[in-house]
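Next comes my_file-v3.cif, with mmCIF, C-alpha atoms and all ligand atoms.
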data_query
loop_
_atom_site.label_atom_id
_atom_site.label_comp_id
_atom_site.auth_asym_id
_atom_site.auth_seq_id
_atom_site.Cartn_x
_atom_site.Cartn_y
_atom_site.Cartn_z
CA MET A 17 -12.75 -5.72 -10.91
CA ASN A 18 -9.60 -7.76 -11.41
CA HIS A 19 -8.05 -10.15 -13.88
CA PHE A 20 -7.94 -13.34 -11.80
CA GLU A 21 -10.61 -15.73 -12.99
CA LEU A 22 -11.40 -19.36 -13.62
CA ARG A 23 -10.99 -20.48 -17.23
CA ASP A 24 -11.48 -24.11 -18.17
CA GLY A 25 -11.56 -24.98 -14.48
CA GLU A 26 -8.22 -23.32 -13.74
CA LEU A 27 -7.53 -20.03 -11.97
CA HIS A 28 -5.70 -17.66 -14.33
CA CYS A 29 -4.00 -14.31 -13.99
CA GLU A 30 -4.88 -12.61 -17.27
CA ASP A 31 -4.01 -15.28 -19.87
CA VAL A 32 -1.57 -17.25 -17.71
CA PRO A 33 -2.69 -20.25 -15.63
CA LEU A 34 -1.43 -19.72 -12.08
CA ALA A 35 -0.34 -23.36 -11.97
CA ARG A 36 2.17 -22.64 -14.73
CA ILE A 37 3.76 -19.88 -12.62
CA ALA A 38 3.87 -22.16 -9.58
CA GLU A 39 5.59 -24.80 -11.71
CA ALA A 40 8.19 -22.37 -13.07
CA VAL A 41 8.94 -20.27 -9.98
CA GLY A 42 7.91 -22.49 -7.08
CA THR A 43 5.70 -21.51 -4.18
CA PRO A 44 4.99 -19.41 -2.23
CA VAL A 45 4.99 -16.62 -4.82
CA TYR A 46 3.16 -13.34 -5.33
CA VAL A 47 1.55 -12.83 -8.74
CA TYR A 48 0.47 -9.39 -9.98
CA SER A 49 -1.71 -8.47 -12.93
CA SER A 50 -0.55 -5.52 -15.06
CA ALA A 51 -4.05 -5.09 -16.49
CA THR A 52 -5.58 -4.76 -13.02
CA LEU A 53 -2.95 -2.26 -11.87
CA GLU A 54 -3.51 -0.21 -15.00
CA ARG A 55 -7.26 -0.42 -14.75
CA HIS A 56 -7.38 0.75 -11.14
CA PHE A 57 -5.19 3.74 -11.92
CA THR A 58 -7.12 4.81 -15.00
CA VAL A 59 -10.52 4.27 -13.38
CA LEU A 60 -9.52 6.56 -10.51
CA ARG A 61 -8.01 9.19 -12.80
CA ASP A 62 -11.02 9.15 -15.14
CA ALA A 63 -13.44 9.36 -12.22
CA LEU A 64 -11.62 12.39 -10.80
CA THR A 65 -11.31 14.22 -14.10
CA GLY A 66 -14.89 13.25 -14.92
CA ALA A 67 -16.02 14.90 -11.69
CA GLY A 68 -14.23 18.08 -12.74
CA VAL A 69 -10.92 17.72 -10.88
CA ARG A 70 -8.38 19.37 -13.17
CA ASP A 71 -5.05 17.60 -13.65
CA PRO A 72 -4.95 15.65 -10.37
CA LEU A 73 -1.55 14.45 -9.14
CA ILE A 74 -2.11 10.77 -8.39
CA ALA A 75 0.91 9.82 -6.31
CA TYR A 76 0.81 6.05 -5.88
CA ALA A 77 1.65 5.14 -2.26
CA VAL A 78 4.75 3.06 -2.87
CA LYS A 79 4.63 1.35 0.53
CA ALA A 80 1.56 -0.65 -0.54
CA ASN A 81 3.60 -2.51 -3.15
CA PRO A 82 7.11 -1.19 -3.69
CA ASN A 83 8.17 -3.56 -6.45
CA ILE A 84 9.90 -1.45 -9.11
CA ALA A 85 8.04 -3.20 -11.94
CA VAL A 86 4.72 -2.36 -10.27
CA ILE A 87 5.71 1.29 -9.80
CA ARG A 88 6.96 1.47 -13.40
CA THR A 89 3.70 0.02 -14.74
CA LEU A 90 1.87 2.90 -13.03
CA ALA A 91 4.50 5.56 -13.81
CA ARG A 92 4.03 4.85 -17.52
CA LEU A 93 0.41 5.91 -17.13
CA GLY A 94 1.47 9.16 -15.49
CA ALA A 95 1.34 8.17 -11.83
CA GLY A 96 3.49 10.00 -9.32
CA ALA A 97 4.70 8.43 -6.09
CA ASP A 98 4.00 9.01 -2.41
CA VAL A 99 7.06 7.82 -0.51
CA VAL A 100 7.93 7.49 3.18
CA SER A 101 11.67 6.74 3.22
CA GLU A 102 14.85 7.29 1.24
CA GLY A 103 14.55 3.70 0.04
CA GLU A 104 11.17 4.51 -1.45
CA VAL A 105 12.48 7.71 -3.08
CA ARG A 106 15.16 5.55 -4.67
CA ARG A 107 12.62 2.96 -5.80
CA ALA A 108 10.35 5.60 -7.33
CA LEU A 109 13.28 7.16 -9.21
CA ALA A 110 14.51 3.73 -10.35
CA ALA A 111 11.01 3.02 -11.66
CA GLY A 112 11.09 6.19 -13.74
CA VAL A 113 8.78 8.42 -11.70
CA PRO A 114 9.80 12.02 -12.45
CA PRO A 115 10.96 13.73 -9.22
CA GLU A 116 8.42 16.49 -9.77
CA ARG A 117 5.72 13.90 -9.15
CA ILE A 118 7.20 12.53 -5.91
CA VAL A 119 5.68 13.49 -2.55
CA PHE A 120 7.66 12.61 0.59
CA SER A 121 5.54 11.83 3.70
CA GLY A 122 6.36 10.33 7.11
CA VAL A 123 6.76 11.48 10.71
CA GLY A 124 10.44 10.76 11.19
CA LYS A 125 12.39 11.66 8.06
CA THR A 126 16.05 11.90 9.01
CA GLU A 127 18.42 14.66 8.01
CA GLY A 128 20.06 12.32 5.51
CA GLU A 129 16.74 11.33 3.96
CA ILE A 130 15.63 14.95 3.63
CA ALA A 131 18.92 15.92 2.00
CA PHE A 132 18.68 13.01 -0.42
CA ALA A 133 15.12 13.95 -1.39
CA LEU A 134 16.00 17.61 -1.91
CA LYS A 135 19.00 16.74 -4.06
CA ALA A 136 16.79 14.45 -6.11
CA GLY A 137 14.36 17.35 -6.60
CA VAL A 138 11.19 15.82 -5.16
CA ALA A 139 8.05 17.90 -5.66
CA GLU A 140 6.92 18.22 -2.09
CA ILE A 141 7.94 17.26 1.40
CA ASN A 142 4.96 16.73 3.65
CA VAL A 143 6.07 18.17 6.98
CA GLU A 144 4.47 16.47 9.96
CA SER A 145 5.66 18.57 12.94
CA GLU A 146 7.38 21.82 13.91
CA PRO A 147 10.75 20.18 14.64
CA GLU A 148 10.56 18.63 11.19
CA LEU A 149 9.80 22.02 9.63
CA ASP A 150 12.89 23.45 11.31
CA LEU A 151 14.98 20.50 10.16
CA VAL A 152 13.85 20.74 6.52
CA ASN A 153 14.52 24.48 6.61
CA ARG A 154 18.05 23.94 7.90
CA VAL A 155 18.92 21.07 5.54
CA ALA A 156 17.61 23.01 2.53
CA GLN A 157 19.63 26.09 3.48
CA ASP A 158 22.76 23.98 3.89
CA LEU A 159 22.18 22.70 0.36
CA GLY A 160 21.39 26.16 -0.97
CA VAL A 161 17.89 25.20 -2.12
CA ARG A 162 14.35 26.07 -1.13
CA ALA A 163 12.24 23.05 -0.21
CA GLU A 164 8.63 23.02 -1.38
CA ILE A 165 6.64 21.73 1.56
CA ALA A 166 3.10 20.95 2.56
CA ILE A 167 1.97 20.85 6.17
CA ARG A 168 0.33 17.54 7.08
CA VAL A 169 -2.72 18.12 9.19
CA ASN A 170 -4.39 15.65 11.46
CA PRO A 171 -8.09 16.42 10.92
CA ASP A 172 -9.18 14.54 14.08
CA VAL A 173 -11.55 12.24 12.23
CA GLY A 174 -11.63 8.53 12.98
CA ALA A 175 -11.64 6.25 9.96
CA GLY A 176 -10.01 3.10 8.68
CA GLY A 177 -10.61 -0.60 8.73
CA HIS A 178 -8.55 -1.32 11.85
CA ASP A 179 -7.06 0.66 14.77
CA LYS A 180 -3.57 -0.01 13.50
CA ILE A 181 -4.33 1.73 10.19
CA SER A 182 -6.36 4.68 11.49
CA THR A 183 -4.14 7.75 11.24
CA GLY A 184 -6.42 10.77 11.45
CA LYS A 185 -7.42 10.90 15.12
CA ALA A 186 -6.05 13.66 17.33
CA ASP A 187 -4.07 11.14 19.40
CA SER A 188 -2.31 9.52 16.44
CA LYS A 189 1.32 10.35 15.71
CA PHE A 190 0.63 11.82 12.26
CA GLY A 191 0.49 15.51 11.40
CA VAL A 192 -0.38 18.64 13.35
CA SER A 193 -3.67 20.15 14.56
CA PHE A 194 -5.52 22.81 12.55
CA SER A 195 -4.44 25.66 14.81
CA GLU A 196 -0.82 24.52 14.68
CA ALA A 197 -1.09 24.16 10.91
CA GLU A 198 -2.06 27.83 10.52
CA ARG A 199 0.78 28.95 12.73
CA LEU A 200 3.33 26.68 11.02
CA TYR A 201 2.19 27.71 7.54
CA ALA A 202 2.69 31.36 8.42
CA LYS A 203 6.03 30.57 10.01
CA ALA A 204 7.14 28.52 6.99
CA SER A 205 6.38 31.35 4.62
CA ASN A 206 8.98 33.43 6.46
CA LEU A 207 11.74 30.82 6.43
CA ALA A 208 14.54 31.07 3.90
CA GLY A 209 14.87 27.33 3.30
CA VAL A 210 11.27 26.37 2.62
CA ARG A 211 8.35 27.47 0.50
CA PRO A 212 4.95 26.25 1.71
CA VAL A 213 2.89 25.15 -1.29
CA GLY A 214 -0.03 23.44 0.37
CA VAL A 215 -1.56 21.33 3.05
CA ALA A 216 -2.01 17.56 3.24
CA CYS A 217 -3.92 14.92 5.15
CA HIS A 218 -4.29 11.14 5.15
CA ILE A 219 -6.81 9.87 7.65
CA GLY A 220 -6.44 6.10 7.48
CA SER A 221 -6.56 3.03 5.33
CA GLN A 222 -9.18 0.54 4.19
CA ILE A 223 -11.90 3.20 4.58
CA THR A 224 -15.23 1.95 3.30
CA ASP A 225 -17.39 4.91 4.32
CA LEU A 226 -17.07 8.24 2.53
CA ALA A 227 -18.63 10.26 5.39
CA PRO A 228 -15.51 10.58 7.59
CA MET A 229 -13.42 11.38 4.52
CA GLU A 230 -15.81 14.10 3.46
CA GLU A 231 -15.85 15.50 7.00
CA ALA A 232 -12.05 15.66 6.99
CA PHE A 233 -11.83 17.16 3.49
CA VAL A 234 -14.41 19.87 4.27
CA LYS A 235 -12.29 20.79 7.29
CA MET A 236 -9.24 20.92 5.00
CA ARG A 237 -11.10 23.22 2.62
CA GLY A 238 -11.82 25.54 5.56
CA LEU A 239 -8.13 25.54 6.42
CA VAL A 240 -7.12 26.42 2.85
CA GLN A 241 -9.63 29.27 2.82
CA ARG A 242 -8.41 30.62 6.18
CA LEU A 243 -4.79 30.53 5.03
CA GLN A 244 -5.68 32.28 1.79
CA SER A 245 -7.70 34.93 3.64
CA GLU A 246 -4.56 35.65 5.67
CA GLY A 247 -2.81 36.42 2.39
CA LEU A 248 -0.83 33.16 2.28
CA ARG A 249 -0.37 31.32 -1.00
CA VAL A 250 -1.83 27.81 -1.12
CA GLU A 251 -1.39 26.00 -4.39
CA ARG A 252 -2.04 22.39 -3.48
CA LEU A 253 -4.32 20.30 -1.32
CA ASP A 254 -3.15 16.72 -0.84
CA LEU A 255 -6.00 14.47 0.29
CA GLY A 256 -4.00 11.30 0.92
CA GLY A 257 -5.10 7.76 0.17
CA GLY A 258 -7.13 5.36 2.20
CA LEU A 259 -9.95 4.17 -0.03
CA GLY A 260 -10.90 0.62 0.91
CA VAL A 261 -11.09 -2.47 -1.27
CA PRO A 262 -13.41 -5.48 -1.04
CA TYR A 263 -11.90 -8.23 1.14
CA PHE A 264 -15.20 -10.18 0.97
CA ASN A 265 -16.08 -9.93 4.68
CA GLN A 266 -16.08 -6.12 4.70
CA PRO A 267 -18.62 -3.55 3.62
CA GLU A 268 -18.39 -2.82 -0.12
CA PRO A 269 -16.03 0.10 -0.63
CA PRO A 270 -17.36 3.21 -2.34
CA SER A 271 -17.02 3.26 -6.13
CA PRO A 272 -14.37 5.53 -7.64
CA GLY A 273 -17.26 7.55 -9.11
CA ASP A 274 -18.82 8.17 -5.69
CA TYR A 275 -15.41 8.97 -4.24
CA ALA A 276 -14.70 11.48 -7.02
CA ALA A 277 -18.13 13.10 -6.64
CA MET A 278 -17.48 13.49 -2.90
CA ILE A 279 -14.07 15.06 -3.65
CA ALA A 280 -15.68 17.52 -6.05
CA ARG A 281 -18.30 18.45 -3.42
CA ALA A 282 -15.84 18.77 -0.55
CA THR A 283 -13.39 20.93 -2.50
CA SER A 284 -15.87 23.03 -4.48
CA GLY A 285 -14.91 26.67 -4.73
CA LEU A 286 -11.22 26.04 -4.09
CA ASP A 287 -8.69 27.17 -6.65
CA VAL A 288 -5.89 24.72 -5.81
CA GLY A 289 -4.40 21.64 -7.44
CA LEU A 290 -5.47 18.37 -5.85
CA ALA A 291 -3.15 15.49 -5.04
CA PHE A 292 -4.03 11.94 -4.02
CA GLU A 293 -1.97 9.13 -2.51
CA PRO A 294 -3.81 5.88 -3.24
CA GLY A 295 -2.03 2.64 -2.38
CA ARG A 296 -4.33 -0.20 -1.50
CA MET A 297 -7.05 0.63 -4.03
CA ILE A 298 -4.48 0.43 -6.84
CA ALA A 299 -2.53 -2.66 -5.78
CA ALA A 300 -4.62 -4.89 -3.50
CA ASN A 301 -6.84 -6.60 -6.04
CA ALA A 302 -4.00 -6.70 -8.56
CA GLY A 303 -2.16 -9.42 -6.64
CA VAL A 304 -2.50 -12.88 -5.16
CA LEU A 305 -0.24 -14.99 -3.00
CA LEU A 306 0.06 -18.44 -4.49
CA SER A 307 0.80 -21.29 -2.10
CA ARG A 308 0.87 -25.08 -2.08
CA VAL A 309 -0.75 -27.41 0.43
CA VAL A 310 1.96 -29.24 2.39
CA HIS A 311 -0.35 -31.35 4.56
CA VAL A 312 -3.96 -31.82 5.42
CA HIS A 313 -3.75 -32.66 9.09
CA GLN A 314 -6.92 -34.10 10.57
CA ARG A 315 -7.33 -33.93 14.35
CA PRO A 316 -10.43 -35.23 16.12
CA ASP A 317 -11.95 -31.75 16.42
CA ARG A 318 -10.21 -29.71 13.71
CA ARG A 319 -8.86 -30.02 10.21
CA PHE A 320 -5.64 -28.08 9.52
CA LEU A 321 -4.60 -27.03 6.06
CA VAL A 322 -0.83 -26.60 6.36
CA LEU A 323 0.52 -24.40 3.57
CA ASP A 324 4.01 -23.52 2.36
CA ALA A 325 3.17 -19.82 2.78
CA ALA A 326 3.38 -18.31 6.24
CA MET A 327 2.94 -15.11 8.22
CA ASN A 328 6.38 -13.92 7.10
CA ASP A 329 5.07 -13.92 3.50
CA LEU A 330 1.63 -12.42 4.24
CA LEU A 331 1.48 -10.67 7.60
CA ARG A 332 -1.93 -9.04 7.34
CA PRO A 333 -3.98 -11.78 9.03
CA ALA A 334 -1.59 -11.93 12.02
CA MET A 335 -1.10 -8.16 12.21
CA TYR A 336 -4.58 -6.79 11.43
CA ASP A 337 -6.82 -9.86 11.78
CA ALA A 338 -7.27 -9.38 8.06
CA TYR A 339 -9.49 -11.58 5.94
CA HIS A 340 -8.30 -12.88 2.58
CA ASP A 341 -10.48 -14.94 0.32
CA ILE A 342 -8.73 -18.26 -0.38
CA ARG A 343 -9.43 -19.95 -3.71
CA PRO A 344 -8.27 -23.32 -5.01
CA VAL A 345 -6.31 -22.88 -8.23
CA ASN A 346 -7.64 -26.12 -9.74
CA PRO A 347 -10.95 -26.59 -7.94
CA ARG A 348 -12.41 -30.04 -8.02
CA GLY A 349 -15.99 -30.80 -7.05
CA GLY A 350 -17.08 -31.94 -3.63
CA GLU A 351 -18.64 -30.58 -0.52
CA ALA A 352 -16.98 -27.64 1.26
CA GLN A 353 -15.23 -28.46 4.53
CA ALA A 354 -14.03 -26.30 7.41
CA TYR A 355 -10.29 -25.80 7.62
CA ASP A 356 -7.92 -23.94 9.90
CA VAL A 357 -5.46 -22.56 7.36
CA VAL A 358 -1.96 -22.27 8.83
CA GLY A 359 1.66 -21.78 7.80
CA PRO A 360 4.78 -23.59 9.01
CA VAL A 361 6.15 -20.77 11.19
CA CYS A 362 6.59 -21.54 14.89
CA GLU A 363 3.97 -19.10 16.19
CA THR A 364 0.32 -19.67 16.93
CA GLY A 365 -0.18 -16.32 15.17
CA ASP A 366 0.82 -18.04 11.95
CA THR A 367 -2.83 -18.85 11.33
CA PHE A 368 -4.37 -17.27 8.24
CA THR A 369 -7.92 -18.14 9.22
CA ARG A 370 -9.93 -20.61 11.29
CA ASP A 371 -12.99 -22.63 10.36
CA ARG A 372 -12.91 -21.48 6.76
CA LYS A 373 -15.23 -23.40 4.47
CA LEU A 374 -13.24 -24.46 1.43
CA PRO A 375 -13.72 -27.07 -1.27
CA PRO A 376 -11.90 -30.34 -0.53
CA LEU A 377 -8.13 -29.91 -0.80
CA ALA A 378 -5.26 -32.37 -0.74
CA ARG A 379 -1.50 -32.33 -0.38
CA GLY A 380 0.11 -30.70 -3.43
CA ASP A 381 -2.92 -28.58 -4.37
CA LEU A 382 -2.44 -24.89 -5.06
CA VAL A 383 -4.43 -22.14 -3.39
CA ALA A 384 -4.46 -18.38 -3.98
CA PHE A 385 -4.90 -15.74 -1.31
CA MET A 386 -6.88 -13.08 -3.11
CA THR A 387 -6.53 -9.29 -2.72
CA ALA A 388 -2.93 -9.70 -1.55
CA GLY A 389 -1.25 -7.19 -3.87
CA ALA A 390 -1.09 -4.42 -1.25
CA TYR A 391 0.75 -4.72 2.06
CA GLY A 392 1.57 -8.33 1.13
CA ALA A 393 5.09 -8.76 -0.27
CA ALA A 394 5.71 -5.22 1.01
CA MET A 395 5.58 -6.49 4.60
CA SER A 396 7.27 -9.84 4.02
CA SER A 397 10.33 -10.90 5.97
CA GLU A 398 12.68 -13.84 6.36
CA TYR A 399 11.36 -14.79 9.80
CA ASN A 400 12.19 -18.42 10.56
CA SER A 401 14.95 -18.10 7.92
CA ARG A 402 12.48 -18.58 5.12
CA PRO A 403 13.90 -16.97 1.94
CA LEU A 404 12.10 -13.80 0.90
CA VAL A 405 8.98 -14.59 -1.13
CA PRO A 406 9.44 -13.96 -4.89
CA GLU A 407 7.20 -11.78 -7.06
CA VAL A 408 5.93 -12.26 -10.61
CA LEU A 409 4.29 -9.72 -12.92
CA VAL A 410 1.88 -10.92 -15.60
CA LYS A 411 1.00 -9.05 -18.77
CA GLY A 412 -1.41 -10.76 -21.15
CA GLY A 413 0.03 -14.19 -21.90
CA GLU A 414 3.49 -13.37 -20.55
CA PHE A 415 4.97 -13.37 -17.09
CA ALA A 416 8.26 -12.19 -15.61
CA VAL A 417 9.93 -12.82 -12.27
CA VAL A 418 10.32 -9.27 -10.95
CA ARG A 419 11.87 -10.28 -7.62
CA PRO A 420 13.53 -13.70 -7.60
CA ARG A 421 13.54 -15.96 -4.59
CA PRO A 422 16.96 -15.69 -2.98
CA SER A 423 18.88 -18.94 -2.72
CA TYR A 424 19.85 -20.20 0.72
CA ASP A 425 23.43 -19.27 -0.15
CA ASP A 426 22.36 -15.69 -0.97
CA MET A 427 20.52 -15.52 2.31
CA LEU A 428 23.44 -16.75 4.40
CA ALA A 429 26.07 -14.77 2.47
CA ARG A 430 24.56 -11.45 3.59
CA GLU A 431 25.86 -12.01 7.09
CA THR A 432 29.45 -11.50 8.24
CA PRO A 433 30.75 -13.37 11.27
CA ALA A 434 32.26 -11.19 14.03
CA PRO A 435 36.07 -11.14 13.85
CA TRP A 436 36.38 -12.97 17.17
CA LEU A 437 34.22 -15.90 16.06
C1 LIG A 501 -0.11 4.50 3.75
C2 LIG A 501 -0.28 5.87 3.21
C3 LIG A 501 -1.02 6.07 2.04
C4 LIG A 501 -1.73 4.96 1.29
O1 LIG A 501 -2.80 4.44 1.98
P1 LIG A 501 -3.79 3.39 1.27
O2 LIG A 501 -4.76 3.06 2.32
O3 LIG A 501 -2.97 2.24 0.86
O4 LIG A 501 -4.42 4.08 0.12
C5 LIG A 501 -1.12 7.36 1.55
N1 LIG A 501 -0.52 8.40 2.19
C6 LIG A 501 0.20 8.25 3.31
C7 LIG A 501 0.82 9.41 3.95
C8 LIG A 501 0.32 6.97 3.87
O5 LIG A 501 1.03 6.82 5.00
#

The structure in this file should be written as structure tokens.
Ligand SMILES: *Cc1c(COP(=O)(O)O)cnc(C)c1O
Amino acid sequence: MNHFELRDGELHCEDVPLARIAEAVGTPVYVYSSATLERHFTVLRDALTGAGVRDPLIAYAVKANPNIAVIRTLARLGAGADVVSEGEVRRALAAGVPPERIVFSGVGKTEGEIAFALKAGVAEINVESEPELDLVNRVAQDLGVRAEIAIRVNPDVGAGGHDKISTGKADSKFGVSFSEAERLYAKASNLAGVRPVGVACHIGSQITDLAPMEEAFVKMRGLVQRLQSEGLRVERLDLGGGLGVPYFNQPEPPSPGDYAAMIARATSGLDVGLAFEPGRMIAANAGVLLSRVVHVHQRPDRRFLVLDAAMNDLLRPAMYDAYHDIRPVNPRGGEAQAYDVVGPVCETGDTFTRDRKLPPLARGDLVAFMTAGAYGAAMSSEYNSRPLVPEVLVKGGEFAVVRPRPSYDDMLARETPAPWL
């Protein structure tokens, strides 16, 4: 469910007509709904607690949508943060996430990033390899602290909506194998600079089938039980994110209730705290990318809808062949027509979709790419020297620009000519 709907023939975000935002801020622009963000978080939390999961740590995966206003909206409801870089630690802190609810993941954390996170007091560093374990141990000792760590395990289960977002197969770069995890956990418990508190996994993204998740989580339960039977303390099991969302051409994702029931089944009998790292399921349906039609270009065999948004603003179609529903903001009647929807960037890959049936559209009309709140603005760039796409957060009848569009002067002023030029 989300809060983008037609009212009086106009697409709204909550109580604000999208056309009003386009008028005030210009296009392209991302628009997020506070009510949808809040709803997704509370639905997940209530489903988990309803299924008997006590006090889950729901660490929102900041990379899905790192806007500070988005993180703060969730932090106010009690969300933690799953972060993958120093920049994301800083964002989570700036948004008011308490450090004891921050989990630091990622295969290549540098010495500087680890030191920053430890000084900030993050709850848990998810260690993804033996060299990283040794590095965290050394950095923590240098700082005179003991790092709480979890070992990230690769459960060797294939899942995820696209090869590029499947992370849980044995040949992917993430985490260690089960046998290595047992060895590293035992090793970590003898190191002076770390304290192992748990194990973690994250098997992929845009998962629409619970079966591979359950398979992975049952394997994780077995690991926790083996570690405990060896006399090791395990306090936390972090099950990652990955739950899919409806992009219209995909299988319906499982409901939060079914997901929570599966979690309860897969972890039954364990006496550990559970942590989750949802990104997409919180943010995707809470955002749209709003764009204006620049031209309708009719060729003998094809009709091109040329928009002012491009692949640099929304990379998912070019990167993952992703499907986004496209809706006119002020639909007028008339028979649907097939369009190739493209942006102005000088790449054939700058094609959002081909042969899409849409209601008749004309120059100046507004369209919204739905389900664009996750991995949308987060992956935007200034390719083709297009200023970074702005972001707007709506709450009820109000809206605020939470990342302004840089001016051309701002964009150019970031660069410094070499002294010899
Ligand atoms: C990307 C990522 C997530 C979030 O994945 P979603 O599919 O957006 O829920 C969670 N944990 C880790 C470690 C990740 O890399």

Inset, instruction - Mind checking which residues fall within 8 Å of region 219-232 of chain A, counting all atoms listed in the file, ignoring those fewer than 5 positions away in the same chain, and posting them as a VMD selection string? - result: chain A and resid 170 to 178 181 to 185 256 to 261 267 to 270 275 278 to 279 282 296

Is it possible to get the axis-aligned box enclosing ligand LIG 501 (chain A) (all listed atoms, 6 Å extra per side) as lines of an AutoDock Vina configuration file, with centre and edge lengths in Å rounded to one decimal?
center_x = -1.9
center_y = 5.8
center_z = 2.6
size_x = 17.8
size_y = 19.2
size_z = 16.9

So that I can see what lies close to region 319-334 of chain A, please list as a short mmCIF file (atom, residue, chain, number, x, y, z; two decimals) with C-alpha atoms, in the frame of the given file the residues with an atom at most 6 Å from it, counting only C-alpha atoms and leaving out residues fewer than 3 positions away in the same chain.
data_model
loop_
_atom_site.label_atom_id
_atom_site.label_comp_id
_atom_site.auth_asym_id
_atom_site.auth_seq_id
_atom_site.Cartn_x
_atom_site.Cartn_y
_atom_site.Cartn_z
CA PRO A 44 4.99 -19.41 -2.23
CA SER A 307 0.80 -21.29 -2.10
CA ARG A 308 0.87 -25.08 -2.08
CA VAL A 309 -0.75 -27.41 0.43
CA VAL A 310 1.96 -29.24 2.39
CA HIS A 311 -0.35 -31.35 4.56
CA VAL A 312 -3.96 -31.82 5.42
CA HIS A 313 -3.75 -32.66 9.09
CA GLN A 314 -6.92 -34.10 10.57
CA ARG A 315 -7.33 -33.93 14.35
CA ASP A 337 -6.82 -9.86 11.78
CA ALA A 338 -7.27 -9.38 8.06
CA TYR A 355 -10.29 -25.80 7.62
CA ASP A 356 -7.92 -23.94 9.90
CA VAL A 357 -5.46 -22.56 7.36
CA VAL A 358 -1.96 -22.27 8.83
CA GLY A 359 1.66 -21.78 7.80
CA GLY A 365 -0.18 -16.32 15.17
CA ASP A 366 0.82 -18.04 11.95
CA PHE A 368 -4.37 -17.27 8.24
CA GLY A 392 1.57 -8.33 1.13
CA SER A 396 7.27 -9.84 4.02
CA SER A 397 10.33 -10.90 5.97
CA TYR A 399 11.36 -14.79 9.80
#

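Surrounding residues of (11.7, 0.4, 2.5) at most 12 Å away are Val78, Lys79, Ala80, Asn81, Pro82, Asn83, Ile84, Val99, Val100, Ser101, Glu102, Gly103, Glu104, Val105, Arg106, Arg107, Ala108, Ala393, Ala394, Met395, Ser396 and Ser397 of chain A (based on only C-alpha atoms).
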
Legend entry - Shell around Lys373 (chain A) at 10 Å using only C-alpha atoms, local window under 4 positions removed, as an MDAnalysis selection string: chainID A and resid 342 351:356

Inset, instruction - Measuring atom to atom with only C-alpha atoms and all ligand atoms, identify which of A:Val240, A:Leu255, A:Ala163, A:Val69 is nearest to ligand LIG 501 (chain A). - result: A:Leu255

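The shortest atom-to-atom distance to Val215 (chain A), with only C-alpha atoms taken into account, belongs to A:Ala197 out of A:Ala280, A:Val152, A:Leu437, A:Ala197.
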
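Counting only C-alpha atoms and all ligand atoms, the residue from A:Pro360, A:Pro72, A:Pro433, A:Pro294 that sits nearest to ligand LIG 501 (chain A) is A:Pro294.
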
Ile74 (chain A) environment, 9 Å, all atoms listed in the file, sequence neighbours closer than 4 positions dropped, as a short mmCIF file (atom, residue, chain, number, x, y, z; two decimals) with C-alpha atoms, keeping the file's coordinate frame:
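File written: out.cif
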data_model
loop_
_atom_site.label_atom_id
_atom_site.label_comp_id
_atom_site.auth_asym_id
_atom_site.auth_seq_id
_atom_site.Cartn_x
_atom_site.Cartn_y
_atom_site.Cartn_z
CA PHE A 57 -5.19 3.74 -11.92
CA LEU A 60 -9.52 6.56 -10.51
CA ARG A 61 -8.01 9.19 -12.80
CA GLY A 94 1.47 9.16 -15.49
CA ALA A 95 1.34 8.17 -11.83
CA GLY A 96 3.49 10.00 -9.32
CA ALA A 97 4.70 8.43 -6.09
CA ASP A 98 4.00 9.01 -2.41
CA ARG A 117 5.72 13.90 -9.15
CA LEU A 290 -5.47 18.37 -5.85
CA ALA A 291 -3.15 15.49 -5.04
CA PHE A 292 -4.03 11.94 -4.02
CA GLU A 293 -1.97 9.13 -2.51
CA PRO A 294 -3.81 5.88 -3.24
#
